>>> print(open('upload_31.tsv').read())   # TSV, C-alpha atoms
chain	number	residue	atom	x	y	z
B	1144	MET	CA	0.00	0.00	0.00
B	1145	PRO	CA	2.75	2.61	0.79
B	1146	ASP	CA	4.40	1.85	-2.57
B	1147	ARG	CA	1.09	2.34	-4.38
B	1148	VAL	CA	0.52	5.67	-2.61
B	1149	ALA	CA	4.05	6.82	-3.46
B	1150	LEU	CA	3.43	5.89	-7.11
B	1151	PHE	CA	0.53	8.37	-7.40
B	1152	ARG	CA	2.14	11.12	-5.31
B	1153	LEU	CA	2.82	14.29	-7.27
B	1154	PRO	CA	6.29	15.82	-7.24
B	1155	ALA	CA	6.86	18.78	-4.94
B	1156	TRP	CA	6.81	21.39	-7.71
B	1157	ALA	CA	3.44	20.09	-8.99
B	1158	GLN	CA	1.99	20.14	-5.47
B	1159	ASP	CA	3.13	23.74	-4.97
B	1160	LEU	CA	1.75	24.76	-8.35
B	1161	LEU	CA	-1.69	23.32	-7.57
B	1162	LEU	CA	-1.58	24.93	-4.12
B	1163	ALA	CA	-0.72	28.31	-5.65
B	1164	LEU	CA	-3.60	28.05	-8.13
B	1165	PHE	CA	-6.00	27.06	-5.35
B	1166	ILE	CA	-4.91	29.93	-3.07
B	1167	THR	CA	-5.11	32.44	-5.92
B	1168	ALA	CA	-8.64	31.32	-6.83
B	1169	MET	CA	-9.73	31.37	-3.18
B	1170	GLN	CA	-8.30	34.84	-2.55
B	1171	VAL	CA	-9.85	36.39	-5.66
B	1172	GLN	CA	-13.16	34.52	-5.59
B	1173	GLY	CA	-13.57	34.83	-1.82
B	1174	THR	CA	-12.97	38.58	-1.85
B	1175	VAL	CA	-15.28	39.14	-4.83
B	1176	SER	CA	-18.05	37.08	-3.23
B	1177	ARG	CA	-17.75	38.95	0.05
B	1178	THR	CA	-17.87	42.38	-1.53
B	1179	ALA	CA	-20.74	41.44	-3.88
B	1180	GLY	CA	-23.07	40.96	-0.91
B	1181	ASP	CA	-22.37	44.41	0.59
B	1182	PRO	CA	-20.93	46.78	-2.07
B	1183	GLU	CA	-21.63	49.92	-0.01
B	1184	SER	CA	-19.13	48.89	2.69
B	1185	VAL	CA	-16.28	48.78	0.18
B	1186	LEU	CA	-14.00	51.81	0.47
B	1187	ARG	CA	-12.01	51.04	-2.68
B	1188	PRO	CA	-13.11	48.48	-5.29
B	1189	LEU	CA	-10.68	45.95	-6.66
B	1190	THR	CA	-10.83	47.61	-10.06
B	1191	ASP	CA	-9.35	50.89	-8.83
B	1192	LEU	CA	-5.81	51.97	-9.75
B	1193	GLY	CA	-5.74	49.78	-12.83
B	1194	TYR	CA	-7.19	46.66	-11.19
B	1195	LEU	CA	-4.42	46.83	-8.57
B	1196	GLY	CA	-6.54	44.95	-6.01
B	1197	TYR	CA	-6.84	41.96	-8.33
B	1198	VAL	CA	-3.12	42.14	-9.10
B	1199	LEU	CA	-2.16	42.09	-5.41
B	1200	LEU	CA	-4.48	39.13	-4.68
B	1201	ILE	CA	-3.16	37.21	-7.69
B	1202	VAL	CA	0.52	37.95	-6.93
B	1203	GLY	CA	0.06	36.95	-3.28
B	1204	GLY	CA	-1.29	33.57	-4.42
B	1205	VAL	CA	0.78	32.73	-7.49
B	1206	VAL	CA	4.12	33.36	-5.75
B	1207	VAL	CA	3.39	30.40	-3.44
B	1208	ALA	CA	4.39	28.11	-6.38
B	1209	VAL	CA	8.09	28.78	-5.62
B	1210	ARG	CA	7.84	28.79	-1.82
B	1211	ARG	CA	10.22	25.84	-1.34
B	1212	ARG	CA	12.95	27.29	-3.54
B	1213	TRP	CA	12.90	30.88	-2.27
B	1214	PRO	CA	11.01	30.90	1.08
B	1215	VAL	CA	12.39	34.26	2.25
B	1216	ALA	CA	11.57	36.00	-1.04
B	1217	VAL	CA	8.08	34.48	-1.15
B	1218	PHE	CA	7.42	35.63	2.41
B	1219	GLY	CA	8.63	39.13	1.53
B	1220	VAL	CA	6.43	39.33	-1.59
B	1221	THR	CA	3.29	38.11	0.17
B	1222	ALA	CA	3.91	40.40	3.15
B	1223	LEU	CA	4.45	43.42	0.89
B	1224	ALA	CA	1.34	42.56	-1.16
B	1225	SER	CA	-0.76	42.23	2.01
B	1226	ALA	CA	0.53	45.49	3.53
B	1227	THR	CA	-0.08	47.38	0.27
B	1228	TYR	CA	-3.52	45.83	-0.18
B	1229	TYR	CA	-4.83	46.87	3.24
B	1230	ALA	CA	-3.00	50.22	3.25
B	1231	LEU	CA	-4.91	51.19	0.08
B	1232	ASP	CA	-8.22	50.21	1.73
B	1233	PHE	CA	-9.10	47.43	-0.66
B	1234	PRO	CA	-11.96	45.26	0.60
B	1235	ASP	CA	-11.24	42.71	3.29
B	1236	GLY	CA	-11.46	39.03	2.44
B	1237	PRO	CA	-9.38	35.85	2.40
B	1238	GLY	CA	-6.47	37.69	0.77
B	1239	TRP	CA	-4.15	36.51	3.53
B	1240	LEU	CA	-4.07	32.79	2.61
B	1241	GLY	CA	-0.85	33.10	0.59
B	1242	LEU	CA	0.77	35.06	3.44
B	1243	PHE	CA	-0.05	32.37	5.99
B	1244	VAL	CA	1.35	29.62	3.74
B	1245	ALA	CA	4.52	31.67	3.09
B	1246	THR	CA	4.98	32.31	6.83
B	1247	TYR	CA	4.62	28.60	7.60
B	1248	THR	CA	7.06	27.65	4.82
B	1249	LEU	CA	9.73	30.11	5.95
B	1250	ALA	CA	9.59	28.80	9.54
B	1251	ALA	CA	9.45	25.13	8.47
B	1252	LEU	CA	12.29	25.27	5.93
B	1253	GLY	CA	14.45	27.83	7.71
B	1254	ASP	CA	17.41	27.33	10.00
B	1255	GLY	CA	15.60	28.15	13.24
B	1256	ARG	CA	17.09	31.34	14.66
B	1257	ARG	CA	17.41	33.41	11.46
B	1258	SER	CA	14.07	32.33	10.02
B	1259	LEU	CA	12.27	33.07	13.29
B	1260	VAL	CA	13.83	36.54	13.42
B	1261	ILE	CA	12.66	37.25	9.85
B	1262	THR	CA	9.12	35.98	10.45
B	1263	GLY	CA	8.87	37.79	13.78
B	1264	ALA	CA	10.00	41.08	12.29
B	1265	GLY	CA	7.71	40.64	9.29
B	1266	ILE	CA	4.66	39.87	11.43
B	1267	ALA	CA	5.41	42.86	13.66
B	1268	VAL	CA	5.59	45.21	10.66
B	1269	LEU	CA	2.44	43.71	9.15
B	1270	ALA	CA	0.57	43.99	12.45
B	1271	ALA	CA	1.47	47.68	12.64
B	1272	CYS	CA	0.37	48.28	9.03
B	1273	TRP	CA	-2.87	46.39	9.51
B	1274	LEU	CA	-3.75	48.25	12.72
B	1275	ILE	CA	-2.96	51.64	11.18
B	1276	ALA	CA	-5.02	50.82	8.09
B	1277	ALA	CA	-7.94	49.76	10.31
B	1278	ALA	CA	-7.86	52.91	12.50
B	1279	ASP	CA	-11.04	54.35	10.92
B	1280	ILE	CA	-12.72	51.07	10.00
B	1281	GLU	CA	-16.49	50.93	10.29
B	1282	PRO	CA	-18.16	49.15	11.93
B	1283	ARG	CA	-15.63	48.84	14.77
B	1284	ALA	CA	-16.47	45.17	15.24
B	1285	ALA	CA	-14.75	44.52	11.92
B	1286	ILE	CA	-11.38	45.19	13.55
B	1287	GLY	CA	-11.60	41.68	14.91
B	1288	TRP	CA	-10.45	40.44	11.49
B	1289	VAL	CA	-7.24	42.41	11.96
B	1290	PHE	CA	-6.46	40.56	15.18
B	1291	PHE	CA	-7.42	37.33	13.46
B	1292	ARG	CA	-4.80	38.00	10.76
B	1293	ILE	CA	-2.17	38.77	13.40
B	1294	GLY	CA	-2.98	35.66	15.43
B	1295	ALA	CA	-3.14	33.43	12.35
B	1296	SER	CA	0.27	34.72	11.21
B	1297	VAL	CA	1.77	33.90	14.61
B	1298	MET	CA	0.14	30.45	14.55
B	1299	SER	CA	1.51	29.78	11.06
B	1300	ALA	CA	5.04	30.65	12.21
B	1301	ALA	CA	4.67	28.50	15.32
B	1302	LEU	CA	3.39	25.55	13.30
B	1303	GLY	CA	6.26	25.86	10.83
B	1304	GLU	CA	8.83	26.01	13.66
B	1305	SER	CA	7.26	22.94	15.25
B	1306	VAL	CA	7.57	20.99	11.99
B	1307	ARG	CA	11.17	22.17	11.53
B	1308	SER	CA	12.09	21.15	15.08
B	1309	ARG	CA	10.56	17.70	14.68
B	1310	ARG	CA	12.33	17.22	11.35
B	1311	PHE	CA	15.63	18.34	12.90
B	1312	ILE	CA	15.22	16.00	15.87
B	1313	ALA	CA	14.38	13.11	13.54
B	1314	ALA	CA	17.44	13.86	11.39
B	1315	GLU	CA	19.66	13.99	14.49
B	1316	ALA	CA	18.26	10.68	15.74
B	1317	LEU	CA	18.88	9.10	12.33
B	1318	ALA	CA	22.43	10.46	12.28
B	1319	ARG	CA	23.08	9.11	15.78
B	1320	ALA	CA	21.67	5.73	14.77
B	1321	GLU	CA	23.89	5.61	11.69
B	1322	LEU	CA	26.91	6.65	13.76
B	1323	ALA	CA	26.11	3.99	16.36
B	1324	GLU	CA	25.76	1.39	13.60
B	1325	ARG	CA	29.10	2.38	12.09
B	1326	THR	CA	30.70	2.34	15.54
B	1327	ARG	CA	29.32	-1.15	16.23
B	1328	GLU	CA	30.65	-2.36	12.89
B	1329	GLU	CA	34.08	-0.85	13.56
B	1330	GLU	CA	34.16	-2.35	17.05
B	1331	ALA	CA	33.13	-5.73	15.65
B	1332	ARG	CA	35.89	-5.55	13.03
B	1333	ALA	CA	38.39	-4.51	15.72
B	1334	ARG	CA	37.35	-7.45	17.90
B	1335	VAL	CA	37.70	-9.82	14.95
B	1336	ASP	CA	41.18	-8.46	14.18
B	1337	GLU	CA	42.20	-8.76	17.83
B	1338	GLU	CA	40.91	-12.31	17.99
B	1339	ARG	CA	42.78	-13.20	14.81
B	1340	LEU	CA	45.96	-11.74	16.28
B	1341	ARG	CA	45.43	-13.66	19.51
B	1342	ILE	CA	44.85	-16.94	17.67
B	1343	ALA	CA	47.89	-16.36	15.44
B	1344	ARG	CA	50.03	-15.64	18.50
B	1345	GLU	CA	48.76	-18.72	20.34
B	1346	VAL	CA	49.31	-20.92	17.28
B	1347	HIS	CA	52.83	-19.55	16.85
B	1348	ASP	CA	53.77	-20.19	20.48
B	1349	THR	CA	52.27	-23.67	20.57
B	1350	VAL	CA	53.57	-24.90	17.22
B	1351	ALA	CA	57.01	-23.33	17.54
B	1352	HIS	CA	57.55	-24.84	20.98
B	1353	ALA	CA	56.34	-28.29	19.96
B	1354	ILE	CA	58.34	-28.34	16.71
B	1355	ALA	CA	61.51	-27.21	18.49
B	1356	ILE	CA	61.24	-30.00	21.07
B	1357	ILE	CA	60.30	-32.61	18.45
B	1358	ASN	CA	63.25	-31.51	16.33
B	1359	VAL	CA	65.67	-32.00	19.20
B	1360	GLN	CA	64.15	-35.33	20.23
B	1361	SER	CA	64.18	-36.56	16.63
B	1362	GLY	CA	67.88	-35.76	16.39
B	1363	VAL	CA	68.53	-37.64	19.60
B	1364	THR	CA	66.52	-40.63	18.36
B	1365	ALA	CA	68.42	-40.78	15.09
B	1366	HIS	CA	71.72	-40.65	16.99
B	1367	VAL	CA	70.98	-43.40	19.55
B	1368	LEU	CA	68.63	-45.61	17.55
B	1369	ASP	CA	71.23	-48.35	16.86
B	1370	LYS	CA	73.37	-48.02	19.99
B	1371	ARG	CA	70.74	-47.43	22.71
B	1372	PRO	CA	67.29	-48.63	21.65
B	1373	ASP	CA	65.91	-47.99	25.15
B	1374	ARG	CA	66.95	-44.33	24.92
B	1375	ALA	CA	65.40	-44.12	21.46
B	1376	ARG	CA	62.13	-45.44	22.87
B	1377	GLU	CA	62.14	-42.77	25.57
B	1378	THR	CA	62.70	-39.97	23.07
B	1379	LEU	CA	59.97	-41.31	20.80
B	1380	GLU	CA	57.59	-41.38	23.73
B	1381	ALA	CA	58.59	-37.81	24.54
B	1382	ILE	CA	57.87	-36.84	20.92
B	1383	GLU	CA	54.47	-38.54	21.20
B	1384	ARG	CA	53.61	-36.67	24.40
B	1385	THR	CA	54.79	-33.34	23.00
B	1386	SER	CA	52.84	-33.72	19.76
B	1387	ALA	CA	49.71	-34.87	21.64
B	1388	ARG	CA	49.93	-31.89	23.97
B	1389	ALA	CA	50.44	-29.54	21.00
B	1390	LEU	CA	47.42	-31.00	19.23
B	1391	GLN	CA	45.34	-30.61	22.37
B	1392	GLU	CA	46.35	-26.95	22.71
B	1393	MET	CA	45.67	-26.36	19.01
B	1394	ARG	CA	42.17	-27.76	19.41
B	1395	ALA	CA	41.57	-25.46	22.36
B	1396	ILE	CA	42.91	-22.42	20.49
B	1397	LEU	CA	41.02	-23.08	17.26
B	1398	GLY	CA	37.90	-24.19	19.11
B	1399	VAL	CA	36.74	-20.57	19.17
B	1400	LEU	CA	36.17	-20.86	15.44
B	1401	ARG	CA	33.51	-23.53	16.00
B	1402	ASP	CA	30.03	-23.09	17.45
B	1403	ASP	CA	30.12	-26.22	19.57
B	1404	GLY	CA	32.12	-26.51	22.75
B	1405	ASP	CA	33.41	-30.04	22.20
B	1406	GLY	CA	37.03	-30.71	22.93
B	1407	ARG	CA	37.81	-27.36	24.48
B	1408	VAL	CA	40.19	-27.15	27.40
B	1409	PRO	CA	41.11	-24.17	29.60
B	1410	HIS	CA	43.96	-21.97	28.44
B	1411	PRO	CA	47.28	-22.92	30.09
B	1412	GLY	CA	48.38	-20.90	33.07
B	1413	LEU	CA	50.76	-20.95	36.02
B	1414	GLY	CA	49.69	-24.46	36.98
B	1415	GLN	CA	51.12	-25.88	33.75
B	1416	ILE	CA	54.62	-24.38	34.08
B	1417	ASP	CA	55.90	-27.53	35.85
B	1418	GLU	CA	54.73	-29.62	32.90
B	1419	LEU	CA	56.38	-27.14	30.53
B	1420	THR	CA	59.71	-27.38	32.31
B	1421	ALA	CA	59.49	-31.19	32.33
B	1422	LYS	CA	59.18	-31.17	28.53
B	1423	ALA	CA	62.15	-28.77	28.36
B	1424	ARG	CA	64.25	-31.22	30.39
B	1425	GLU	CA	63.26	-33.99	28.00
B	1426	ALA	CA	64.57	-31.80	25.19
B	1427	GLY	CA	67.99	-31.68	26.85
B	1428	LEU	CA	67.85	-28.48	28.88
B	1429	GLU	CA	68.92	-28.22	32.50
B	1430	VAL	CA	66.03	-26.25	33.95
B	1431	GLU	CA	66.08	-24.66	37.39
B	1432	LEU	CA	62.68	-23.47	38.52
B	1433	ALA	CA	62.50	-20.88	41.29
B	1434	VAL	CA	58.87	-20.02	41.90
B	1435	SER	CA	57.47	-18.30	44.95
B	1436	SER	CA	53.86	-18.98	45.84
B	1437	PRO	CA	52.02	-16.42	43.72
B	1438	PRO	CA	48.63	-15.09	44.76
B	1439	PRO	CA	45.59	-15.91	42.63
B	1440	VAL	CA	46.12	-14.14	39.32
B	1441	PRO	CA	43.70	-13.37	36.47
B	1442	SER	CA	43.58	-16.02	33.79
B	1443	ALA	CA	44.91	-13.52	31.25
B	1444	VAL	CA	48.04	-12.92	33.35
B	1445	GLY	CA	48.57	-16.63	34.02
B	1446	SER	CA	48.20	-17.47	30.34
B	1447	ALA	CA	50.60	-14.68	29.35
B	1448	VAL	CA	53.24	-15.92	31.83
B	1449	TYR	CA	52.91	-19.47	30.48
B	1450	ARG	CA	53.30	-18.31	26.88
B	1451	ILE	CA	56.30	-16.12	27.70
B	1452	VAL	CA	58.07	-19.01	29.42
B	1453	GLN	CA	57.13	-21.33	26.57
B	1454	GLU	CA	58.43	-18.97	23.88
B	1455	SER	CA	61.63	-18.29	25.85
B	1456	ILE	CA	62.35	-22.02	26.18
B	1457	THR	CA	61.57	-22.49	22.49
B	1458	ASN	CA	64.11	-19.81	21.60
B	1459	VAL	CA	66.75	-21.47	23.79
B	1460	ILE	CA	66.15	-24.88	22.18
B	1461	ARG	CA	66.17	-23.39	18.69
B	1462	HIS	CA	69.15	-21.03	18.96
B	1463	VAL	CA	71.35	-22.42	21.74
B	1464	GLY	CA	70.75	-26.10	22.29
B	1465	PRO	CA	71.52	-27.96	25.55
B	1466	THR	CA	72.32	-25.43	28.27
B	1467	ARG	CA	71.24	-24.35	31.71
B	1468	VAL	CA	68.05	-22.32	32.01
B	1469	THR	CA	66.76	-20.55	35.11
B	1470	ILE	CA	63.06	-19.70	35.41
B	1471	ALA	CA	62.25	-17.34	38.27
B	1472	LEU	CA	58.76	-16.23	39.21
B	1473	ASP	CA	58.35	-13.52	41.83
B	1474	HIS	CA	55.66	-11.08	42.85
B	1475	ASP	CA	54.81	-8.16	45.08
B	1476	ALA	CA	51.49	-6.57	45.98
B	1477	ASP	CA	50.78	-5.29	42.46
B	1478	THR	CA	53.14	-6.98	40.01
B	1479	LEU	CA	54.04	-10.48	38.89
B	1480	GLU	CA	57.54	-10.84	37.42
B	1481	VAL	CA	58.84	-13.77	35.40
B	1482	ARG	CA	62.46	-14.12	34.28
B	1483	VAL	CA	63.87	-16.76	31.94
B	1484	ALA	CA	67.67	-16.71	31.59
B	1485	ASP	CA	70.05	-19.13	29.93
B	1486	GLU	CA	73.83	-19.52	30.14
B	1487	GLY	CA	74.38	-19.52	26.40
B	1488	ARG	CA	75.89	-22.09	24.06
B	1489	ARG	CA	78.27	-24.50	25.72
B	1490	ALA	CA	81.68	-25.45	24.37
B	1491	ARG	CA	82.77	-29.03	23.91
B	1492	ALA	CA	84.66	-29.09	27.20
B	1493	GLY	CA	81.48	-28.32	29.07
B	1494	THR	CA	82.24	-24.70	29.87
B	1495	THR	CA	80.10	-21.82	28.94
B	1496	ALA	CA	81.14	-20.20	25.69
B	1497	PRO	CA	80.62	-16.47	25.98
B	1498	ASN	CA	78.20	-15.52	23.29
B	1499	PRO	CA	76.19	-12.50	24.34
B	1500	GLY	CA	73.77	-12.59	21.42
B	1501	ASN	CA	73.46	-16.37	21.18
B	1502	GLY	CA	72.48	-15.88	17.56
B	1503	ARG	CA	69.13	-14.44	18.58
B	1504	ASP	CA	67.64	-11.38	17.00
B	1505	GLU	CA	65.72	-9.30	19.51
B	1506	SER	CA	63.52	-8.05	16.68
B	1507	GLY	CA	62.29	-11.58	15.88
B	1508	ARG	CA	58.59	-12.38	15.93
B	1509	GLY	CA	58.85	-14.44	19.12
B	1510	ILE	CA	60.12	-11.56	21.24
B	1511	VAL	CA	57.76	-9.13	19.51
B	1512	GLY	CA	54.85	-11.44	20.35
B	1513	MET	CA	55.91	-11.65	24.00
B	1514	ARG	CA	56.21	-7.87	24.20
B	1515	GLU	CA	52.76	-7.45	22.65
B	1516	ARG	CA	51.28	-9.80	25.26
B	1517	CYS	CA	52.77	-7.70	28.04
B	1518	GLN	CA	51.62	-4.41	26.55
B	1519	LEU	CA	48.06	-5.68	26.11
B	1520	LEU	CA	47.95	-6.36	29.84
B	1521	GLY	CA	49.60	-3.08	30.80
B	1522	GLY	CA	52.98	-4.66	31.53
B	1523	GLU	CA	56.47	-4.44	30.06
B	1524	LEU	CA	59.09	-6.86	28.77
B	1525	GLU	CA	62.86	-6.66	28.55
B	1526	ALA	CA	64.91	-9.06	26.42
B	1527	GLY	CA	68.61	-9.00	25.67
B	1528	PRO	CA	72.02	-10.66	26.07
B	1529	LEU	CA	73.62	-10.94	29.48
B	1530	PRO	CA	77.11	-9.44	30.13
B	1531	GLY	CA	78.72	-12.80	30.91
B	1532	GLY	CA	77.03	-14.68	28.10
B	1533	GLY	CA	73.55	-16.01	27.62
B	1534	PHE	CA	70.23	-14.31	27.17
B	1535	ALA	CA	67.47	-13.20	29.51
B	1536	VAL	CA	63.81	-12.36	29.11
B	1537	THR	CA	62.13	-10.47	31.95
B	1538	ALA	CA	58.41	-9.67	31.96
B	1539	ARG	CA	56.56	-7.64	34.56
B	1540	LEU	CA	52.78	-7.89	34.52
B	1541	PRO	CA	50.27	-6.08	36.76
B	1542	LEU	CA	48.10	-8.39	38.84
B	1543	ALA	CA	45.12	-6.28	37.82
B	1544	PRO	CA	45.68	-5.86	34.05
B	1545	THR	CA	44.53	-2.53	32.68
B	1546	ALA	CA	43.57	-3.97	29.29
B	1547	VAL	CA	42.87	-7.59	28.49
B	1548	VAL	CA	42.21	-8.69	24.95
B	1549	GLY	CA	41.35	-12.33	24.59
B	1550	ALA	CA	43.65	-13.95	27.10
>>> encode(input="upload_31.tsv", output="structure tokens")
Amino acid sequence: MPDRVALFRLPAWAQDLLLALFITAMQVQGTVSRTAGDPESVLRPLTDLGYLGYVLLIVGGVVVAVRRRWPVAVFGVTALASATYYALDFPDGPGWLGLFVATYTLAALGDGRRSLVITGAGIAVLAACWLIAAADIEPRAAIGWVFFRIGASVMSAALGESVRSRRFIAAEALARAELAERTREEEARARVDEERLRIAREVHDTVAHAIAIINVQSGVTAHVLDKRPDRARETLEAIERTSARALQEMRAILGVLRDDGDGRVPHPGLGQIDELTAKAREAGLEVELAVSSPPPVPSAVGSAVYRIVQESITNVIRHVGPTRVTIALDHDADTLEVRVADEGRRARAGTTAPNPGNGRDESGRGIVGMRERCQLLGGELEAGPLPGGGFAVTARLPLAPTAVVGA
């Protein structure tokens, strides 16, 4: 039904043209009919001054056809025509219809303050002209039509301002709704990007750690397969456990991409660090774990600590090989600190070979990922070579993270 109504709706210019013709006919015909019934009360007939009365009535109606395009000019023309008409004592009648429509249009299509000032000033001038022209009107009861014109002009302006205000409020509400919709879309995209980054970081940490350990264990297996079958069996079992654990973590990480909750496990935290160090020992590292009893920490902080330790051990296995690693976990009232330090690559004689960089690039993705984890939680991370050889990673995380994005 709305589509059918819109199909037969005339364009705005056609509506205004029909309205102008209607107002013109009403003003002329209404005034002529009123004066025909009482010709003696007419001070000046419409035919005087070269049919000026008819001209003013026609101009005041026809000009309404362009009211939407030039509302101020149309208001000025109709106001001037009305003031001239009554100042020359032409007969009273419905010659004010065009003025009322022009007043309404100016208030409705204006900008509020300026349009109200123009209409207010125009009505004040018209009221003064009308009252002066009606000073000697007879009978005196007819002066009521003057106050009617003044009141109707004020009502037209008030109605137009009401329509303008409602239209403005509706436009503001629509703009706010569109802004809110765009904001929701941007926030949704930002959350998707953050989740993708989190998943990529988790996959990197899990896969890199597992592959590094499997690589070391595979090398050990190939070396002792013929000479020590029992040792080969142990390393193969270690590979099996490492790969199974990696697959389990991968399922948990990628489980967020599925709608069902099957197979999901909690994200690793401080409770799994012992298991992590056990796997590091199986990979040939000498791990010393110094952990004080930490208070209950948010899951995001616990998961970040686990991933930092995991990535640090992975870097040691990948770049250094068998060496001594110290993992220290300490805390105070507000901060949890984790430090992973290694002694560097060992020489054949079993002594530590000074190698401050240990072949590690601090700008690598692993260290960048650890630093991003800390920054997301409002913490900080330091990573670099030690003066006597080796490498250390130190992360300080607040126990009440200021920003947590997908722990």
>>> residues_around(input="upload_31.tsv", residues="Phe1233 in chain B", least_positions_apart="6", cutoff="9 Å", atoms="all atoms listed in the file", output="JSON list (two decimals) with C-alpha atoms, in the coordinates of the input")
[["chain", "number", "residue", "atom", "x", "y", "z"],
["B", 1185, "VAL", "CA", -16.28, 48.78, 0.18],
["B", 1186, "LEU", "CA", -14.00, 51.81, 0.47],
["B", 1187, "ARG", "CA", -12.01, 51.04, -2.68],
["B", 1188, "PRO", "CA", -13.11, 48.48, -5.29],
["B", 1189, "LEU", "CA", -10.68, 45.95, -6.66],
["B", 1191, "ASP", "CA", -9.35, 50.89, -8.83],
["B", 1196, "GLY", "CA", -6.54, 44.95, -6.01]]
>>> atom_distance(input="upload_31.tsv", atom1="CA of Phe1534 in chain B", atom2="CA of Gly1487 in chain B")
6.7 Å
>>> residues_near_point(input="upload_31.tsv", point="(0.4, 41.4, 5.1)", cutoff="7 Å", atoms="only C-alpha atoms", output="NGL selection string")
:B and (1221-1226 or 1239 or 1242 or 1269)
>>> closest_residue(input="upload_31.tsv", among="B:Ile1510, B:Leu1195, B:Leu1322, B:Val1483", to="Thr1537 in chain B", atoms="only C-alpha atoms")
B:Val1483
>>> atom_distance(input="upload_31.tsv", atom1="CA of Gln1453 in chain B", atom2="CA of Pro1530 in chain B")
23.5 Å
>>> atom_distance(input="upload_31.tsv", atom1="CA of Phe1290 in chain B", atom2="CA of Gln1172 in chain B")
22.6 Å
>>> closest_residue(input="upload_31.tsv", among="B:Gly1527, B:Pro1438, B:Gly1219, B:Gly1287", to="Leu1249 in chain B", atoms="all atoms listed in the file")
B:Gly1219
